[in-house]
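Remarks on the structure that follows.
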Amino acid sequence: MSRDIVDLVTAKSDVRNSKRRRTGKEKFWLIFRYVSLIFIWFLVVMPIYVMVINSLKGVKNVYLTNAFKLPEKLDFSAWSVAWSGTDYFPQSISESMTRTLFFVIQSALISAIIGSINGYVFAKWKFRGSNFIFTLFLFGMFIPYQAIMIPLVRIATTLEINKSIYVLVLAHIIYGIPICTLIFRNYYEAIPNELIEAARVDKASMIRTYRSIILPLSVPAFVVVLIWQFTSAWNDFLFAIFLTGGSPKLSVATTALNFITGSSNQVYYGVNMTASLIVSLPTLIVYIFLGRYFLRGLLSGSLKG
Amino acid sequence: MSKVVRNKRSLSARVGGLFFVLPSIITVIIFVYGLILWSVNVSLTNQNSGAKKEIEYIGLKNYTDLIADERFTHSLSNLVKFTIVFILGALVTGFIMALLLEKGIKGEGFFRSFYLYPMAISFIAMGTVFNWLLNSARDEEAGGLNLALQKIGLGFLQNDWYVSEKGAMYAMALPAIWQMSGYVLALFLAGFRGIPDDLREAARVDGASESQIYRHVLFPQLTPTLLTVLIILGHISMKAFDLIIGINGKSYVTQVVAVYMWEATFDKRDYAKGTSIAIVLLIMIAIVVVPYLRYNNKQQAYR
């Protein structure tokens, strides 16, 4: 019985030999490890630090030469400009942020429901060829979406759904099927078969077993899938740029940001940094509060979770 | 035992499962495999511009044209450079992070949470910062990373970053390494901790030194993890798109295959070329991923 991968990563390992007195050599290595860890910590935090401090310097006082310096006095004007725009900086991200939130939540919810049903069948109601079909699903998770993009855009144009944000809802649901199925399947695999068998003996139907046994146990998997779909749809740029054709009326967080920070506004670095920070906040907040679930989604992408 | 249970199942139970996943199966078959075939189909035609004309099949001409297309070979060689540096960089960084953490250390959770947060942020948002920090101005005019390097006495490392033809792709690999090392860390951390403690203890009792334990006991156990990491990094690298766009747009210097596909499709409306580039990319990725899926499938079967 192998241990759960997320437990392994986040294991509270007994800080070994901590009770014993350390030898000089061990002390040296401990200090060496801390110094290295802190050094890496600075490198990892650096970009987000740059975003935050430069968003607080206002619109005008942001130069590359003082990129790492703390602001002399706090100035939140870049936040209001990035959020709602002004006359010299007409692009804003508030509208695209709302639009993104709207579509991302819908696609995450529907993806989770579909994933749960599929995962249940692939884990507990295997049929002839189900493993093969499941592998076919998995391949769909790894393909470069460019390979389906041109036909997909054609379908969307022909059906005229490319003029509404629902085109992205659909795309993320469809291409999220593999990973959502995978996450739920792995989760349900761990539920003992005896539970299901017991229900079978009772002649409970498949649906009833699902409703009364599986579904109540599924909350953690739902959280994982919701977070995963939320994050990947929020951060997606490829589907958004192809399917909306970069139309400002359908801009989402990433496409709007890419447009704002594109060559036209290279002078307003403070606003660029602020806009990037605002766009990153929703997924960052989710990560901060539900990191463990995020990690599980991430690791299932390696087929190991 | 399981056979008996299976025989007891009614027909509706056996087909029932299929019934509920059928909509998804059909969707995946149409939207993944069907559209791939459709792409292949487009790539064999003469739809080389948005203008309407009679569609003709011209065989593999679009593919042979790609070989002769300097811009395509440029984007391919860029991708190879990027991939090598990115995979090596992320592998080494992530592995070192895992080595530092695997034994357990006070504050581990703190470090780990921070090391993993880049995975939650979009390439586009991070690209904005790196586009700015990796500015090519040097010495007195320097800002961003070049200035930081001067300040800590590493001025000789100042660089044109993604601007000059020579080092552009290597510079592009830096943000990619920054963003993906956490993933490698998580995989290796799980790998290390999946090794039974007994192995370590036994080697210790036999008088092996710490470095010998790592070299001869722990590292060999991590081979499957290493394989996973390479596959994951490999396919992410080959798909590199928004990371590049976020930092340097469609610029020729840092163009990779996925970006060139976008340019051909969007700016030139050359759908035949766009699809043939995409199919080449798909084949490259399939070569890496399909054996992995089969290996994974076999492992599942033994479990």
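Lettering and numbering for the structure tokens are positional, with chains as A, B, ... in the shown order, residues counted from 1 in each chain, and ligands counted from 1 in the shown order.
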Notebook entry, point to check: Which residues come within 12 Å of Thr157 in chain A, counting only C-alpha atoms, excluding same-chain residues fewer than 6 positions away, as a PyMOL selection string?
Noted result: chain A and resi 150-151+163-164+167+242-245
Check: Can you tell me, as number ranges by chain, what residues are no more than 9 Å from Ile48 in chain A when counting only C-alpha atoms, ignoring any on the same chain fewer than 6 positions away?
Finding: A: 277; B: 126, 129
Hey, can you spit out that residue selection with N, CA and C atoms as a compact mmCIF listing (two decimals), in the first residue's frame?
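Once everything was written out, this is result-v5.txt:
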# COMPACT_ATOMS: atom_id res chain seq x y z
N LEU A 277 -0.37 42.36 -10.51
CA LEU A 277 -0.64 41.91 -9.14
C LEU A 277 -2.13 41.64 -8.95
N MET B 126 3.45 37.03 -14.58
CA MET B 126 4.87 37.00 -14.24
C MET B 126 5.72 37.56 -15.37
N VAL B 129 6.56 41.21 -15.10
CA VAL B 129 7.65 41.55 -14.19
C VAL B 129 9.00 41.22 -14.82
Checklist line | range 104-214 of chain B: residues DSSP assigns to helix (DSSP H, G or I), reported as a PyMOL selection string | finding: chain B and resi 108-120+123-133+139-141+144-151+155-157+168-194+197-205+210-214
Notebook entry, point to check: Neighbours of Tyr214 in chain B within 10 Å (only C-alpha atoms; same-chain residues fewer than 6 positions away dropped), as a PyMOL selection string?
Noted result: chain B and resi 99+200+208+220-221
Next item on the list: Have a look at A:Pro47, A:Leu168, A:Val252, A:Glu189 and name the one nearest to Gly127 in chain B; count only C-alpha atoms.
Entry: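 Of A:Pro47, A:Leu168, A:Val252, A:Glu189, the one nearest Gly127 in chain B, counting only C-alpha atoms, is A:Pro47.
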Notebook entry, point to check: Which distance in Å separates CA of Asp75 in chain A and CA of Val50 in chain A, to one decimal?
Noted result: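 These two atoms are separated by 15.2 Å.
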Note to self: Quick one: residues within 9 Å of range 102-115 of chain B, only C-alpha atoms, excluding same-chain residues fewer than 3 positions away - as an NGL selection string?
What the structure shows: (:A and (9-16 or 30 or 33-34 or 37-38 or 40-41 or 44-45 or 288 or 291)) or (:B and (97-99 or 118-119 or 181-183 or 185-186 or 188-190 or 192-193))
File of the preceding selection, N, CA and C atoms, as a short mmCIF file (atom, residue, chain, number, x, y, z; two decimals), in the first residue's frame:
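Result saved to result_30.cif:
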data_model
loop_
_atom_site.label_atom_id
_atom_site.label_comp_id
_atom_site.auth_asym_id
_atom_site.auth_seq_id
_atom_site.Cartn_x
_atom_site.Cartn_y
_atom_site.Cartn_z
N VAL A 9 4.57 14.76 0.44
CA VAL A 9 5.19 16.07 0.26
C VAL A 9 5.10 16.89 1.53
N THR A 10 3.90 16.87 2.14
CA THR A 10 3.69 17.76 3.29
C THR A 10 3.91 17.05 4.62
N ALA A 11 4.53 15.85 4.56
CA ALA A 11 4.72 15.07 5.78
C ALA A 11 5.42 15.89 6.85
N LYS A 12 4.87 15.83 8.05
CA LYS A 12 5.57 16.45 9.17
C LYS A 12 6.66 15.49 9.58
N SER A 13 7.78 15.54 8.90
CA SER A 13 8.82 14.56 9.20
C SER A 13 9.40 14.91 10.57
N ASP A 14 9.61 13.86 11.35
CA ASP A 14 10.22 14.09 12.65
C ASP A 14 11.59 14.68 12.41
N VAL A 15 11.80 15.89 12.86
CA VAL A 15 13.10 16.51 12.65
C VAL A 15 14.12 15.61 13.33
N ARG A 16 14.78 14.82 12.51
CA ARG A 16 15.53 13.67 13.03
C ARG A 16 16.67 14.05 13.96
N LEU A 30 23.57 22.03 9.12
CA LEU A 30 22.29 22.65 9.44
C LEU A 30 22.31 24.13 9.06
N ARG A 33 22.25 24.50 5.34
CA ARG A 33 20.91 24.29 4.78
C ARG A 33 20.04 25.52 4.96
N TYR A 34 20.09 26.12 6.16
CA TYR A 34 19.27 27.31 6.38
C TYR A 34 19.69 28.47 5.49
N LEU A 37 18.41 27.74 2.05
CA LEU A 37 16.95 27.86 1.97
C LEU A 37 16.53 29.33 1.95
N ILE A 38 17.19 30.13 2.76
CA ILE A 38 16.83 31.55 2.80
C ILE A 38 17.22 32.25 1.51
N ILE A 40 17.39 30.91 -1.48
CA ILE A 40 16.39 30.53 -2.50
C ILE A 40 15.08 31.25 -2.23
N TRP A 41 14.73 31.40 -0.96
CA TRP A 41 13.50 32.10 -0.60
C TRP A 41 13.48 33.51 -1.18
N VAL A 44 12.84 33.40 -4.88
CA VAL A 44 11.47 33.03 -5.21
C VAL A 44 10.51 34.20 -4.96
N VAL A 45 10.77 34.94 -3.90
CA VAL A 45 9.86 36.01 -3.52
C VAL A 45 10.08 37.26 -4.36
N ILE A 288 -3.06 30.43 -1.06
CA ILE A 288 -2.70 30.67 0.33
C ILE A 288 -3.63 29.90 1.28
N GLY A 291 -3.81 25.65 -0.17
CA GLY A 291 -2.60 25.19 -0.83
C GLY A 291 -2.50 23.68 -0.97
N MET B 97 16.44 21.98 -3.92
CA MET B 97 15.44 22.38 -2.93
C MET B 97 14.95 21.15 -2.15
N ALA B 98 14.72 20.06 -2.88
CA ALA B 98 14.21 18.85 -2.23
C ALA B 98 15.26 18.28 -1.28
N LEU B 99 16.53 18.29 -1.71
CA LEU B 99 17.61 17.79 -0.86
C LEU B 99 17.68 18.58 0.44
N PRO B 118 4.76 30.12 -7.07
CA PRO B 118 4.78 30.54 -8.47
C PRO B 118 3.87 29.71 -9.37
N MET B 119 3.61 28.47 -8.96
CA MET B 119 2.76 27.60 -9.77
C MET B 119 1.33 28.12 -9.86
N SER B 181 10.33 25.28 -10.80
CA SER B 181 11.17 24.51 -9.88
C SER B 181 10.38 23.93 -8.72
N GLY B 182 9.37 24.67 -8.27
CA GLY B 182 8.55 24.20 -7.16
C GLY B 182 7.89 22.87 -7.46
N TYR B 183 7.46 22.72 -8.70
CA TYR B 183 6.83 21.48 -9.12
C TYR B 183 7.82 20.32 -8.97
N LEU B 185 10.43 20.27 -7.09
CA LEU B 185 10.63 20.09 -5.66
C LEU B 185 9.58 19.15 -5.08
N ALA B 186 8.31 19.43 -5.39
CA ALA B 186 7.23 18.62 -4.81
C ALA B 186 7.37 17.16 -5.23
N PHE B 188 10.08 15.50 -6.19
CA PHE B 188 11.23 14.84 -5.56
C PHE B 188 11.03 14.65 -4.06
N LEU B 189 10.37 15.63 -3.44
CA LEU B 189 10.10 15.49 -2.01
C LEU B 189 9.26 14.24 -1.76
N ALA B 190 8.23 14.07 -2.59
CA ALA B 190 7.40 12.87 -2.47
C ALA B 190 8.25 11.63 -2.73
N PHE B 192 11.56 11.20 -2.26
CA PHE B 192 12.43 10.95 -1.11
C PHE B 192 11.66 10.30 0.02
N ARG B 193 10.47 10.85 0.29
CA ARG B 193 9.74 10.39 1.46
C ARG B 193 9.00 9.09 1.21
#
Counting only C-alpha atoms, give me one row per residue of range 130-227 of chain B with an atom at most 7 Å from an atom of range 241-259 of chain B, showing the shortest contact pair and its distance in Å to one decimal, sorted by chain then residue number, as a Markdown table.
| residue | atom | partner | partner_atom | distance |
| --- | --- | --- | --- | --- |
| B:Phe130 | CA | B:Ile247 | CA | 6.3 |
| B:Asn131 | CA | B:Ile247 | CA | 4.6 |
| B:Glu165 | CA | B:Val253 | CA | 5.7 |
| B:Ala168 | CA | B:Thr254 | CA | 6.3 |
| B:Met169 | CA | B:Thr254 | CA | 6.1 |
Using C-alpha atoms, can you export the residues from the last selection as a JSON list (two decimals), in the first residue's frame?
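Result file follows (again_21.json):
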[["chain", "number", "residue", "atom", "x", "y", "z"],
["B", 130, "PHE", "CA", 10.38, 39.65, -15.97],
["B", 131, "ASN", "CA", 9.97, 41.72, -19.11],
["B", 165, "GLU", "CA", 20.05, 36.86, -30.54],
["B", 168, "ALA", "CA", 17.89, 35.21, -25.66],
["B", 169, "MET", "CA", 16.55, 31.71, -25.24]]
Next item on the list: Please provide the set of residues having any atom within 12 Å of Ile5 in chain A, restricted to only C-alpha atoms, with same-chain residues fewer than 2 positions apart removed, written as an MDAnalysis selection string.
Entry: (chainID A and resid 2:3 7:11 186:187 292:293 295:300 302:305) or (chainID B and resid 186:194 225)
Store the residues of this selection in a file with N, CA and C atoms, as a compact mmCIF listing (two decimals), in the first residue's frame.
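Output file part_34.txt follows:
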# COMPACT_ATOMS: atom_id res chain seq x y z
N SER A 2 0.84 1.98 -1.08
CA SER A 2 1.70 3.16 -1.15
C SER A 2 1.02 4.35 -0.47
N ARG A 3 1.85 5.21 0.06
CA ARG A 3 1.28 6.36 0.78
C ARG A 3 0.85 7.44 -0.18
N ASP A 7 0.44 13.66 1.11
CA ASP A 7 0.91 13.42 2.47
C ASP A 7 2.43 13.33 2.50
N LEU A 8 2.98 12.69 1.47
CA LEU A 8 4.43 12.55 1.42
C LEU A 8 5.10 13.92 1.33
N VAL A 9 4.57 14.76 0.44
CA VAL A 9 5.19 16.07 0.26
C VAL A 9 5.10 16.89 1.53
N THR A 10 3.90 16.87 2.14
CA THR A 10 3.69 17.76 3.29
C THR A 10 3.91 17.05 4.62
N ALA A 11 4.53 15.85 4.56
CA ALA A 11 4.72 15.07 5.78
C ALA A 11 5.42 15.89 6.85
N ASN A 186 -8.64 8.85 -9.18
CA ASN A 186 -7.64 8.53 -8.17
C ASN A 186 -8.21 8.60 -6.77
N TYR A 187 -9.08 9.57 -6.57
CA TYR A 187 -9.67 9.72 -5.25
C TYR A 187 -10.59 8.54 -4.92
N ARG A 292 -2.94 22.98 0.06
CA ARG A 292 -2.85 21.53 0.05
C ARG A 292 -3.67 20.94 -1.10
N TYR A 293 -4.87 21.50 -1.30
CA TYR A 293 -5.73 21.01 -2.38
C TYR A 293 -5.17 21.39 -3.74
N LEU A 295 -2.05 21.70 -4.38
CA LEU A 295 -0.91 20.81 -4.59
C LEU A 295 -1.36 19.46 -5.14
N ARG A 296 -2.49 18.97 -4.63
CA ARG A 296 -2.97 17.68 -5.12
C ARG A 296 -3.34 17.75 -6.60
N GLY A 297 -4.00 18.82 -6.98
CA GLY A 297 -4.34 18.99 -8.39
C GLY A 297 -3.09 19.04 -9.24
N LEU A 298 -2.12 19.80 -8.76
CA LEU A 298 -0.86 19.96 -9.47
C LEU A 298 -0.18 18.62 -9.67
N LEU A 299 -0.13 17.84 -8.60
CA LEU A 299 0.59 16.57 -8.67
C LEU A 299 -0.16 15.53 -9.49
N SER A 300 -1.49 15.65 -9.55
CA SER A 300 -2.20 14.65 -10.35
C SER A 300 -1.90 14.84 -11.83
N SER A 302 0.85 14.91 -12.96
CA SER A 302 1.99 14.05 -13.27
C SER A 302 1.58 12.58 -13.25
N LEU A 303 0.26 12.36 -13.11
CA LEU A 303 -0.33 11.01 -13.06
C LEU A 303 0.07 10.26 -11.80
N LYS A 304 0.68 10.96 -10.83
CA LYS A 304 1.16 10.28 -9.65
C LYS A 304 0.19 10.41 -8.49
N GLY A 305 -0.68 11.43 -8.56
CA GLY A 305 -1.49 11.79 -7.38
C GLY A 305 -2.49 10.74 -6.99
N ALA B 186 8.31 19.43 -5.39
CA ALA B 186 7.23 18.62 -4.81
C ALA B 186 7.37 17.16 -5.23
N LEU B 187 7.67 16.93 -6.51
CA LEU B 187 7.78 15.55 -6.98
C LEU B 187 8.94 14.82 -6.30
N PHE B 188 10.08 15.50 -6.19
CA PHE B 188 11.23 14.84 -5.56
C PHE B 188 11.03 14.65 -4.06
N LEU B 189 10.37 15.63 -3.44
CA LEU B 189 10.10 15.49 -2.01
C LEU B 189 9.26 14.24 -1.76
N ALA B 190 8.23 14.07 -2.59
CA ALA B 190 7.40 12.87 -2.47
C ALA B 190 8.25 11.63 -2.73
N GLY B 191 9.15 11.72 -3.71
CA GLY B 191 10.02 10.60 -4.04
C GLY B 191 10.89 10.21 -2.85
N PHE B 192 11.56 11.20 -2.26
CA PHE B 192 12.43 10.95 -1.11
C PHE B 192 11.66 10.30 0.02
N ARG B 193 10.47 10.85 0.29
CA ARG B 193 9.74 10.39 1.46
C ARG B 193 9.00 9.09 1.21
N GLY B 194 8.95 8.69 -0.06
CA GLY B 194 8.36 7.40 -0.36
C GLY B 194 9.33 6.26 -0.11
N THR B 225 10.91 8.78 -10.23
CA THR B 225 10.59 10.20 -10.06
C THR B 225 11.29 11.03 -11.11
